[in-house]
file upload.txt (compact mmCIF, C-alpha atoms)
# COMPACT_ATOMS: atom_id res chain seq x y z
CA MET A 181 12.30 -0.43 17.39
CA GLY A 182 12.31 -0.23 21.20
CA VAL A 183 12.01 3.23 22.64
CA ALA A 184 10.63 5.61 20.03
CA LYS A 185 11.48 9.27 19.87
CA VAL A 186 9.23 12.31 19.59
CA ALA A 187 10.80 15.68 18.98
CA ALA A 188 9.02 18.68 20.48
CA GLY A 189 6.69 20.36 18.03
CA ASP A 190 6.84 17.44 15.58
CA ILE A 191 3.64 15.64 16.52
CA ARG A 192 0.72 17.27 14.84
CA GLN A 193 -2.97 17.13 15.61
CA GLU A 194 -4.69 19.20 12.95
CA GLY A 195 -7.93 20.93 13.82
CA SER A 196 -9.36 22.09 17.10
CA SER A 197 -10.40 19.47 19.61
CA ALA A 198 -13.76 21.24 19.65
CA ASN A 199 -14.34 20.37 15.99
CA HIS A 200 -17.43 18.30 15.42
CA PRO A 201 -16.70 14.83 13.96
CA GLY A 202 -18.77 15.71 10.92
CA GLU A 203 -16.63 18.78 10.28
CA ARG A 204 -13.45 16.74 10.65
CA ALA A 205 -14.82 14.23 8.14
CA ARG A 206 -15.61 17.02 5.67
CA GLN A 207 -12.11 18.44 6.14
CA TRP A 208 -10.64 15.02 5.37
CA ARG A 209 -12.73 14.56 2.24
CA ALA A 210 -11.51 17.94 1.00
CA LEU A 211 -7.86 17.28 1.88
CA LYS A 212 -7.52 13.71 0.62
CA PRO A 213 -7.50 14.46 -3.15
CA THR A 214 -4.79 17.13 -2.70
CA LEU A 215 -2.18 15.02 -0.88
CA PHE A 216 -0.30 13.90 -3.99
CA ARG A 217 -0.17 17.09 -5.99
CA ASP A 218 1.30 20.58 -5.77
CA SER A 219 -0.44 22.85 -3.31
CA LYS A 220 0.30 25.70 -0.94
CA GLU A 221 1.38 23.15 1.68
CA ARG A 222 3.12 20.51 -0.48
CA VAL A 223 5.59 20.21 -3.36
CA CYS A 224 5.19 17.33 -5.81
CA TYR A 225 7.92 15.82 -8.04
CA ARG A 226 6.85 13.75 -11.06
CA GLU A 227 9.67 12.26 -13.13
CA TRP A 228 10.20 9.03 -15.03
CA GLY A 229 12.38 7.56 -12.28
CA ARG A 230 10.66 8.93 -9.19
CA PHE A 231 7.55 10.38 -7.64
CA ALA A 232 7.84 12.42 -4.45
CA VAL A 233 5.75 14.76 -2.35
CA CYS A 234 7.16 16.89 0.47
CA GLN A 235 5.98 19.49 2.94
CA ARG A 236 6.71 22.77 1.14
CA ALA A 237 7.94 24.51 4.30
CA LEU A 238 10.74 21.94 4.63
CA MET A 239 11.99 21.99 1.04
CA SER A 240 15.70 22.82 0.65
CA SER A 241 18.67 21.86 -1.50
CA GLU A 242 19.49 19.07 0.96
CA VAL A 243 15.96 17.66 0.85
CA ASP A 244 16.12 17.84 -2.94
CA ALA A 245 19.40 15.89 -2.81
CA PHE A 246 17.68 13.24 -0.68
CA ILE A 247 14.92 12.91 -3.27
CA ARG A 248 17.53 12.46 -6.00
CA ASP A 249 19.60 9.88 -4.09
CA PRO A 250 17.94 8.74 -0.84
CA ASP A 251 20.31 5.86 -0.15
CA SER A 252 23.33 8.16 0.06
CA PHE A 253 21.66 9.64 3.17
CA PHE A 254 20.12 6.37 4.26
CA TYR A 255 23.38 4.47 4.66
CA GLN A 256 25.04 7.33 6.53
CA GLY A 257 22.25 7.41 9.12
CA THR A 258 21.75 5.54 12.37
CA MET A 259 20.11 2.17 11.87
CA LEU A 260 16.97 1.70 13.96
CA LYS A 261 15.57 -1.45 12.38
CA ASP A 262 16.91 -3.78 9.70
CA GLY A 263 14.30 -6.15 8.33
CA ASP A 264 13.59 -7.97 5.09
CA SER A 265 10.58 -5.87 4.16
CA THR A 266 11.49 -2.58 5.87
CA THR A 267 14.64 -0.81 6.98
CA VAL A 268 14.41 2.18 9.34
CA THR A 269 17.15 4.77 9.77
CA ALA A 270 17.51 8.13 11.51
CA ILE A 271 19.09 10.70 9.17
CA ALA A 272 20.07 14.36 9.35
CA LEU A 273 18.65 16.91 6.93
CA ASP A 274 19.25 20.64 7.33
CA GLY A 275 20.44 20.14 10.89
CA ARG A 276 17.36 18.21 11.98
CA THR A 277 16.96 14.49 12.54
CA TYR A 278 14.25 12.55 10.74
CA VAL A 279 13.20 8.92 10.59
CA VAL A 280 13.22 7.24 7.17
CA LYS A 281 11.38 3.99 6.63
CA ARG A 282 12.45 2.28 3.42
CA TYR A 283 10.16 -0.37 1.98
CA ASN A 284 12.30 -3.04 0.39
CA LEU A 285 11.48 -5.37 -2.46
CA ARG A 286 12.09 -8.75 -0.82
CA ASN A 287 12.40 -10.67 -4.07
CA VAL A 288 11.55 -10.48 -7.77
CA TRP A 289 8.03 -11.87 -7.47
CA TYR A 290 7.20 -9.57 -4.57
CA GLY A 291 8.46 -6.64 -6.65
CA ILE A 292 6.30 -7.65 -9.59
CA ARG A 293 3.19 -7.86 -7.39
CA ARG A 294 3.87 -4.34 -6.06
CA LEU A 295 4.45 -2.67 -9.43
CA PHE A 296 0.90 -1.46 -9.95
CA ARG A 297 -0.24 -0.98 -6.35
CA PRO A 298 0.17 2.08 -4.13
CA THR A 299 3.24 1.56 -1.97
CA ARG A 300 3.09 1.38 1.81
CA ALA A 301 4.87 4.75 1.89
CA TRP A 302 2.01 6.18 -0.19
CA ARG A 303 -0.54 4.75 2.23
CA CYS A 304 1.38 6.00 5.30
CA TRP A 305 1.52 9.52 3.86
CA SER A 306 -2.24 9.50 3.37
CA SER A 307 -2.99 7.88 6.74
CA ALA A 308 -0.81 10.33 8.67
CA HIS A 309 -2.70 13.27 7.20
CA MET A 310 -5.97 11.53 7.97
CA LEU A 311 -4.97 11.07 11.62
CA GLN A 312 -3.94 14.70 11.90
CA THR A 313 -7.28 15.81 10.49
CA PHE A 314 -9.15 13.61 12.97
CA GLY A 315 -7.13 15.00 15.89
CA VAL A 316 -4.99 11.89 16.50
CA ALA A 317 -1.31 12.44 17.33
CA THR A 318 1.20 10.96 14.89
CA PRO A 319 4.74 12.00 13.90
CA THR A 320 4.57 14.74 11.28
CA PRO A 321 4.81 13.32 7.74
CA VAL A 322 7.67 15.10 5.98
CA LEU A 323 8.22 13.37 2.64
CA MET A 324 7.05 10.40 0.60
CA LEU A 325 9.22 9.06 -2.22
CA GLU A 326 8.64 6.24 -4.70
CA ARG A 327 11.28 5.01 -7.09
CA ARG A 328 9.54 4.31 -10.37
CA TRP A 329 10.03 3.10 -13.89
CA GLY A 330 7.44 5.24 -15.59
CA PRO A 331 4.13 4.33 -13.91
CA LEU A 332 5.57 1.20 -12.26
CA ARG A 333 6.38 1.48 -8.57
CA ARG A 334 9.53 0.07 -7.02
CA GLN A 335 11.24 0.91 -3.69
CA ALA A 336 9.57 3.54 -1.52
CA TYR A 337 10.60 5.81 1.36
CA TYR A 338 8.51 7.48 4.05
CA VAL A 339 10.07 10.27 6.12
CA THR A 340 8.67 11.62 9.40
CA ALA A 341 9.78 13.80 12.27
CA LEU A 342 11.95 12.03 14.83
CA THR A 343 10.05 10.88 17.89
CA GLU A 344 11.11 10.10 21.45
CA GLY A 345 9.29 8.46 24.31
CA PRO A 346 8.38 5.08 25.81
CA ASP A 347 5.82 2.80 24.27
CA ILE A 348 2.62 2.50 26.23
CA LEU A 349 3.60 -0.64 28.17
CA GLN A 350 6.93 0.89 29.13
CA PHE A 351 5.19 4.09 30.17
CA VAL A 352 2.69 2.37 32.40
CA GLY A 353 5.34 0.05 33.84
CA ASP A 354 4.38 -0.75 37.40
CA GLU A 355 1.91 2.10 37.59
CA PRO A 356 -0.76 1.27 40.18
CA ILE A 357 -4.34 1.05 39.03
CA ASN A 358 -6.39 4.23 39.58
CA SER A 359 -3.28 6.42 39.65
CA ALA A 360 -3.61 9.75 37.87
CA ARG A 361 -1.14 8.68 35.19
CA TRP A 362 -2.96 5.43 34.50
CA GLN A 363 -6.35 7.18 34.35
CA GLN A 364 -4.99 9.73 31.87
CA THR A 365 -3.55 6.94 29.73
CA LEU A 366 -6.84 5.05 29.83
CA GLU A 367 -8.69 8.18 28.69
CA ARG A 368 -6.28 8.60 25.78
CA ILE A 369 -6.77 4.97 24.75
CA SER A 370 -10.55 5.40 24.89
CA ASP A 371 -10.35 8.61 22.86
CA LEU A 372 -8.33 6.84 20.15
CA LEU A 373 -10.71 3.88 19.93
CA ARG A 374 -13.69 6.21 19.86
CA THR A 375 -12.16 8.23 17.03
CA MET A 376 -11.44 5.04 15.09
CA LYS A 377 -15.06 4.00 15.43
CA ILE A 378 -16.53 7.40 14.60
CA HIS A 379 -14.48 7.73 11.42
CA ARG A 380 -14.32 4.03 10.56
CA PHE A 381 -10.60 3.46 10.21
CA VAL A 382 -8.50 0.63 11.61
CA HIS A 383 -4.83 0.46 12.53
CA GLY A 384 -4.10 -3.11 11.52
CA ASP A 385 -1.20 -3.70 13.93
CA MET A 386 -2.18 -2.67 17.46
CA LYS A 387 0.90 -3.92 19.28
CA ALA A 388 2.10 -1.80 22.18
CA THR A 389 5.32 -0.67 20.49
CA ASN A 390 3.25 1.21 17.91
CA PHE A 391 1.85 3.55 20.58
CA VAL A 392 4.14 6.05 22.28
CA VAL A 393 3.15 8.11 25.30
CA THR A 394 4.32 11.70 25.61
CA ARG A 395 3.37 14.38 28.09
CA ASP A 396 0.66 15.63 25.75
CA ALA A 397 -0.59 12.70 23.72
CA LEU A 398 -0.81 9.04 22.81
CA VAL A 399 1.18 8.96 19.57
CA VAL A 400 0.27 6.44 16.86
CA LEU A 401 3.14 4.90 14.88
CA ASP A 402 3.51 2.34 12.06
CA LEU A 403 0.65 3.23 9.72
CA ASP A 404 1.48 0.60 7.10
CA ALA A 405 -1.72 -1.39 7.58
CA MET A 406 -4.02 1.50 8.48
CA ARG A 407 -7.05 1.97 6.28
CA GLU A 408 -10.53 3.37 6.13
CA VAL A 409 -13.26 0.74 5.97
CA GLN A 410 -16.48 1.28 4.09
CA GLY A 411 -19.56 -0.42 5.47
CA ALA A 412 -20.60 -0.93 9.06
CA SER A 413 -20.35 -4.73 9.13
CA ALA A 414 -16.90 -4.81 7.54
CA PHE A 415 -15.67 -2.11 9.88
CA SER A 416 -17.03 -3.95 12.94
CA ARG A 417 -15.15 -7.08 11.92
CA TYR A 418 -11.82 -5.30 11.46
CA PHE A 419 -12.34 -3.12 14.54
CA ARG A 420 -12.91 -6.20 16.71
CA ARG A 421 -9.67 -7.64 15.33
CA ASP A 422 -7.82 -4.45 16.28
CA ILE A 423 -9.28 -4.55 19.78
CA ARG A 424 -8.33 -8.22 20.26
CA ARG A 425 -4.75 -7.44 19.25
CA TRP A 426 -4.74 -4.39 21.52
CA LEU A 427 -5.92 -6.34 24.56
CA ALA A 428 -3.34 -9.05 23.89
CA ASN A 429 -0.66 -6.49 24.82
CA TRP A 430 -1.88 -6.48 28.40
CA GLN A 431 -1.98 -10.16 29.29
CA GLN A 432 0.95 -9.66 31.67
CA ARG A 433 -0.90 -6.86 33.46
CA PRO A 434 -4.04 -8.58 34.78
CA ASP A 435 -4.60 -5.68 37.16
CA LEU A 436 -5.05 -3.26 34.25
CA LEU A 437 -6.78 -5.56 31.77
CA PRO A 438 -10.34 -5.26 33.21
CA ASP A 439 -10.32 -1.47 32.76
CA LEU A 440 -9.09 -1.83 29.20
CA ARG A 441 -11.66 -4.48 28.37
CA ASP A 442 -14.45 -2.36 29.84
CA ALA A 443 -13.36 0.73 27.90
CA ALA A 444 -13.11 -1.20 24.63
CA ALA A 445 -16.46 -2.92 25.18
CA ALA A 446 -18.20 0.37 25.94
CA ILE A 447 -16.94 1.90 22.72
CA GLU A 448 -17.55 -1.18 20.60
CA SER A 449 -21.15 -1.47 21.80
CA GLY A 450 -21.86 2.27 21.71
CA ASP A 451 -23.76 4.08 18.98
CA ASP A 452 -21.04 6.46 17.82
CA VAL A 453 -21.32 6.91 14.07
CA ALA A 454 -19.30 8.72 11.49
CA GLU A 455 -21.01 11.83 10.19
CA THR A 456 -19.31 11.73 6.83
CA GLY A 457 -22.23 12.77 4.72
CA THR A 458 -21.94 9.55 2.72
call {"tool": "encode", "arguments": {"input": "upload.txt", "output": "structure tokens"}}
result
Amino acid sequence: MGVAKVAAGDIRQEGSSANHPGERARQWRALKPTLFRDSKERVCYREWGRFAVCQRALMSSEVDAFIRDPDSFFYQGTMLKDGDSTTVTAIALDGRTYVVKRYNLRNVWYGIRRLFRPTRAWRCWSSAHMLQTFGVATPTPVLMLERRWGPLRRQAYYVTALTEGPDILQFVGDEPINSARWQQTLERISDLLRTMKIHRFVHGDMKATNFVVTRDALVVLDLDAMREVQGASAFSRYFRRDIRRWLANWQQRPDLLPDLRDAAAAIESGDDVAETGT
């Protein structure tokens, strides 16, 4: 998608940075079962033809109209990406701009395989709240919508706050090694990898364009393949895969690659563990 956008105030990191990892894990276990039902924070729609959940504070007649007919907004928006499996558009709702990612059904057989499985929009909604709970910056999840035929899932839509900023390779650019900006970026990368290891989740697509740098944070995008991994050996395998993909971004920056390799190796070989109580 090229340069991403991050609107001020629309990247959330829930919980104090002083929170102990074990407390964050307990918060996540408590929050996770509530993400797809009515609560003080969220509104849930359950109808034969659709299932939707939205941040309650953002509900309005226009958001309700989007839930009823998302494509009428979708096709009036600004196209950001047009692919076979996903289409991404920036749309206006209540005077604010949001990003909508629509998950397409590529063909009949693909649609049949997806009927009974949680959609990628469903998984992104859950993963975004997980990241917020663990203190990782990600665009605020606004709404998740699945078109359904009874219990059978069809097209899905995931709506987030608009974001703006360069991806991490664009941000670093020709930044000299040991500069203050590079050192800050390296610390943010290490913090993200450490959090992934502590809480045993993987991103699944660690290309540079999925990480946007702002003044305050390293923002994680594209949560389609993100998941929690149970079991230390399985997590280690997937985490190593994420790290290999991450380091592949930097092959054209041999001056920066040693620092990145050292940081990843230190975290991968460290003894950080998730205090999940499980």
call {"tool": "atom_distance", "arguments": {"input": "upload.txt", "atom1": "CA of Pro250 (chain A)", "atom2": "CA of Ser307 (chain A)"}}
result
22.3 Å
call {"tool": "closest_residue", "arguments": {"input": "upload.txt", "among": "A:Ala405, A:Ile369, A:Met324, A:Ala205", "to": "Cys224 (chain A)", "atoms": "all atoms listed in the file"}}
result
A:Met324
call {"tool": "atom_distance", "arguments": {"input": "upload.txt", "atom1": "CA of Val233 (chain A)", "atom2": "CA of Thr389 (chain A)"}}
result
27.6 Å
call {"tool": "closest_residue", "arguments": {"input": "upload.txt", "among": "A:Gln235, A:Gln431, A:Thr394, A:Gln256", "to": "Val223 (chain A)", "atoms": "only C-alpha atoms"}}
result
A:Gln235
call {"tool": "closest_residue", "arguments": {"input": "upload.txt", "among": "A:Asp371, A:Ala245, A:Asp218, A:His379", "to": "Gly202 (chain A)", "atoms": "all atoms listed in the file"}}
result
A:His379
call {"tool": "residues_around", "arguments": {"input": "upload.txt", "residues": "Gly229 (chain A)", "least_positions_apart": "6", "cutoff": "10 Å", "atoms": "only C-alpha atoms", "output": "PyMOL selection string"}}
result
chain A and resi 248+326-334
call {"tool": "atom_distance", "arguments": {"input": "upload.txt", "atom1": "CA of Ala341 (chain A)", "atom2": "CA of Ala270 (chain A)"}}
result
9.6 Å
call {"tool": "closest_residue", "arguments": {"input": "upload.txt", "among": "A:Val382, A:Ala444, A:Leu403, A:Leu372", "to": "Cys304 (chain A)", "atoms": "all atoms listed in the file"}}
result
A:Leu403
call {"tool": "closest_residue", "arguments": {"input": "upload.txt", "among": "A:Leu260, A:Leu440, A:Ile247, A:Met376", "to": "Leu311 (chain A)", "atoms": "all atoms listed in the file"}}
result
A:Met376
call {"tool": "residues_near_point", "arguments": {"input": "upload.txt", "point": "(-17.4, -1.0, 11.2)", "cutoff": "12 Å", "atoms": "all atoms listed in the file", "output": "NGL selection string"}}
result
:A and (374 or 376-382 or 407-422 or 447-454)
call {"tool": "residues_around", "arguments": {"input": "upload.txt", "residues": "Asp404 (chain A)", "least_positions_apart": "2", "cutoff": "12 Å", "atoms": "all atoms listed in the file", "output": "VMD selection string"}}
result
chain A and resid 265 to 266 281 to 283 298 to 308 337 to 338 382 to 386 390 400 to 402 406 to 407
call {"tool": "closest_residue", "arguments": {"input": "upload.txt", "among": "A:Ser240, A:Thr340, A:Ser370, A:Gln432", "to": "Ile271 (chain A)", "atoms": "all atoms listed in the file"}}
result
A:Thr340
call {"tool": "residues_around", "arguments": {"input": "upload.txt", "residues": "Val393 (chain A)", "least_positions_apart": "3", "cutoff": "8 Å", "atoms": "all atoms listed in the file", "output": "ChimeraX atom specification"}}
result
/A:345-348,351,396-399
call {"tool": "build_atoms", "arguments": {"input": "upload.txt", "residues": "region 373-384 of chain A", "atoms": "all heavy atoms", "output": "PDB file, in the coordinates of the input"}}
result
ATOM      1  N   LEU A 373      -9.754   4.885  20.415  1.00  0.00           N
ATOM      2  CA  LEU A 373     -10.710   3.880  19.930  1.00  0.00           C
ATOM      3  C   LEU A 373     -12.010   4.517  19.491  1.00  0.00           C
ATOM      4  O   LEU A 373     -12.617   4.118  18.485  1.00  0.00           O
ATOM      5  CB  LEU A 373     -10.963   2.837  21.028  1.00  0.00           C
ATOM      6  CG  LEU A 373      -9.773   1.952  21.416  1.00  0.00           C
ATOM      7  CD1 LEU A 373     -10.163   1.033  22.570  1.00  0.00           C
ATOM      8  CD2 LEU A 373      -9.276   1.140  20.225  1.00  0.00           C
ATOM      9  N   ARG A 374     -12.450   5.525  20.229  1.00  0.00           N
ATOM     10  CA  ARG A 374     -13.690   6.210  19.860  1.00  0.00           C
ATOM     11  C   ARG A 374     -13.542   6.920  18.511  1.00  0.00           C
ATOM     12  O   ARG A 374     -14.448   6.863  17.670  1.00  0.00           O
ATOM     13  CB  ARG A 374     -14.064   7.210  20.953  1.00  0.00           C
ATOM     14  CG  ARG A 374     -15.450   7.828  20.780  1.00  0.00           C
ATOM     15  CD  ARG A 374     -15.800   8.698  21.961  1.00  0.00           C
ATOM     16  NE  ARG A 374     -15.887   7.934  23.196  1.00  0.00           N
ATOM     17  CZ  ARG A 374     -14.996   7.993  24.182  1.00  0.00           C
ATOM     18  NH1 ARG A 374     -13.937   8.791  24.086  1.00  0.00           N
ATOM     19  NH2 ARG A 374     -15.153   7.272  25.273  1.00  0.00           N
ATOM     20  N   THR A 375     -12.404   7.552  18.306  1.00  0.00           N
ATOM     21  CA  THR A 375     -12.160   8.230  17.030  1.00  0.00           C
ATOM     22  C   THR A 375     -12.102   7.223  15.883  1.00  0.00           C
ATOM     23  O   THR A 375     -12.633   7.479  14.787  1.00  0.00           O
ATOM     24  CB  THR A 375     -10.843   9.027  17.089  1.00  0.00           C
ATOM     25  OG1 THR A 375     -10.941   9.992  18.131  1.00  0.00           O
ATOM     26  CG2 THR A 375     -10.562   9.738  15.771  1.00  0.00           C
ATOM     27  N   MET A 376     -11.480   6.084  16.115  1.00  0.00           N
ATOM     28  CA  MET A 376     -11.440   5.040  15.090  1.00  0.00           C
ATOM     29  C   MET A 376     -12.850   4.596  14.715  1.00  0.00           C
ATOM     30  O   MET A 376     -13.168   4.413  13.528  1.00  0.00           O
ATOM     31  CB  MET A 376     -10.627   3.853  15.603  1.00  0.00           C
ATOM     32  CG  MET A 376      -9.140   4.141  15.744  1.00  0.00           C
ATOM     33  SD  MET A 376      -8.226   2.838  16.642  1.00  0.00           S
ATOM     34  CE  MET A 376      -8.362   1.474  15.491  1.00  0.00           C
ATOM     35  N   LYS A 377     -13.700   4.457  15.724  1.00  0.00           N
ATOM     36  CA  LYS A 377     -15.060   4.000  15.430  1.00  0.00           C
ATOM     37  C   LYS A 377     -15.870   5.084  14.729  1.00  0.00           C
ATOM     38  O   LYS A 377     -16.594   4.804  13.762  1.00  0.00           O
ATOM     39  CB  LYS A 377     -15.760   3.578  16.722  1.00  0.00           C
ATOM     40  CG  LYS A 377     -17.156   3.015  16.445  1.00  0.00           C
ATOM     41  CD  LYS A 377     -17.823   2.493  17.692  1.00  0.00           C
ATOM     42  CE  LYS A 377     -19.199   1.916  17.322  1.00  0.00           C
ATOM     43  NZ  LYS A 377     -19.911   1.411  18.505  1.00  0.00           N
ATOM     44  N   ILE A 378     -15.765   6.317  15.194  1.00  0.00           N
ATOM     45  CA  ILE A 378     -16.530   7.400  14.600  1.00  0.00           C
ATOM     46  C   ILE A 378     -16.209   7.545  13.115  1.00  0.00           C
ATOM     47  O   ILE A 378     -17.103   7.706  12.274  1.00  0.00           O
ATOM     48  CB  ILE A 378     -16.262   8.725  15.337  1.00  0.00           C
ATOM     49  CG1 ILE A 378     -16.924   8.701  16.727  1.00  0.00           C
ATOM     50  CG2 ILE A 378     -16.783   9.925  14.539  1.00  0.00           C
ATOM     51  CD1 ILE A 378     -16.546   9.875  17.602  1.00  0.00           C
ATOM     52  N   HIS A 379     -14.908   7.472  12.795  1.00  0.00           N
ATOM     53  CA  HIS A 379     -14.480   7.730  11.420  1.00  0.00           C
ATOM     54  C   HIS A 379     -14.198   6.461  10.624  1.00  0.00           C
ATOM     55  O   HIS A 379     -13.766   6.543   9.475  1.00  0.00           O
ATOM     56  CB  HIS A 379     -13.252   8.638  11.426  1.00  0.00           C
ATOM     57  CG  HIS A 379     -13.534  10.008  11.958  1.00  0.00           C
ATOM     58  ND1 HIS A 379     -14.280  10.942  11.267  1.00  0.00           N
ATOM     59  CD2 HIS A 379     -13.194  10.606  13.131  1.00  0.00           C
ATOM     60  CE1 HIS A 379     -14.360  12.054  11.976  1.00  0.00           C
ATOM     61  NE2 HIS A 379     -13.718  11.875  13.112  1.00  0.00           N
ATOM     62  N   ARG A 380     -14.430   5.313  11.228  1.00  0.00           N
ATOM     63  CA  ARG A 380     -14.320   4.030  10.560  1.00  0.00           C
ATOM     64  C   ARG A 380     -12.957   3.829   9.882  1.00  0.00           C
ATOM     65  O   ARG A 380     -12.853   3.630   8.673  1.00  0.00           O
ATOM     66  CB  ARG A 380     -15.435   3.840   9.539  1.00  0.00           C
ATOM     67  CG  ARG A 380     -16.786   3.566  10.185  1.00  0.00           C
ATOM     68  CD  ARG A 380     -17.861   3.318   9.153  1.00  0.00           C
ATOM     69  NE  ARG A 380     -19.149   3.111   9.793  1.00  0.00           N
ATOM     70  CZ  ARG A 380     -20.314   3.100   9.131  1.00  0.00           C
ATOM     71  NH1 ARG A 380     -20.327   3.303   7.828  1.00  0.00           N
ATOM     72  NH2 ARG A 380     -21.431   2.894   9.787  1.00  0.00           N
ATOM     73  N   PHE A 381     -11.909   3.878  10.692  1.00  0.00           N
ATOM     74  CA  PHE A 381     -10.600   3.460  10.210  1.00  0.00           C
ATOM     75  C   PHE A 381     -10.003   2.494  11.214  1.00  0.00           C
ATOM     76  O   PHE A 381     -10.339   2.525  12.402  1.00  0.00           O
ATOM     77  CB  PHE A 381      -9.669   4.656   9.961  1.00  0.00           C
ATOM     78  CG  PHE A 381      -9.232   5.399  11.197  1.00  0.00           C
ATOM     79  CD1 PHE A 381      -8.088   5.032  11.888  1.00  0.00           C
ATOM     80  CD2 PHE A 381      -9.966   6.482  11.669  1.00  0.00           C
ATOM     81  CE1 PHE A 381      -7.686   5.727  13.026  1.00  0.00           C
ATOM     82  CE2 PHE A 381      -9.572   7.187  12.804  1.00  0.00           C
ATOM     83  CZ  PHE A 381      -8.423   6.800  13.479  1.00  0.00           C
ATOM     84  N   VAL A 382      -9.152   1.615  10.743  1.00  0.00           N
ATOM     85  CA  VAL A 382      -8.500   0.630  11.610  1.00  0.00           C
ATOM     86  C   VAL A 382      -6.992   0.760  11.469  1.00  0.00           C
ATOM     87  O   VAL A 382      -6.485   1.225  10.450  1.00  0.00           O
ATOM     88  CB  VAL A 382      -8.951  -0.810  11.273  1.00  0.00           C
ATOM     89  CG1 VAL A 382     -10.424  -0.994  11.599  1.00  0.00           C
ATOM     90  CG2 VAL A 382      -8.683  -1.148   9.806  1.00  0.00           C
ATOM     91  N   HIS A 383      -6.291   0.356  12.523  1.00  0.00           N
ATOM     92  CA  HIS A 383      -4.830   0.460  12.530  1.00  0.00           C
ATOM     93  C   HIS A 383      -4.181  -0.719  11.833  1.00  0.00           C
ATOM     94  O   HIS A 383      -3.265  -0.560  11.029  1.00  0.00           O
ATOM     95  CB  HIS A 383      -4.322   0.587  13.970  1.00  0.00           C
ATOM     96  CG  HIS A 383      -2.851   0.833  14.054  1.00  0.00           C
ATOM     97  ND1 HIS A 383      -1.929  -0.197  14.009  1.00  0.00           N
ATOM     98  CD2 HIS A 383      -2.139   1.981  14.174  1.00  0.00           C
ATOM     99  CE1 HIS A 383      -0.704   0.308  14.096  1.00  0.00           C
ATOM    100  NE2 HIS A 383      -0.801   1.629  14.199  1.00  0.00           N
ATOM    101  N   GLY A 384      -4.623  -1.916  12.170  1.00  0.00           N
ATOM    102  CA  GLY A 384      -4.100  -3.110  11.520  1.00  0.00           C
ATOM    103  C   GLY A 384      -2.937  -3.769  12.222  1.00  0.00           C
ATOM    104  O   GLY A 384      -2.581  -4.914  11.889  1.00  0.00           O
TER     105      GLY A 384
END
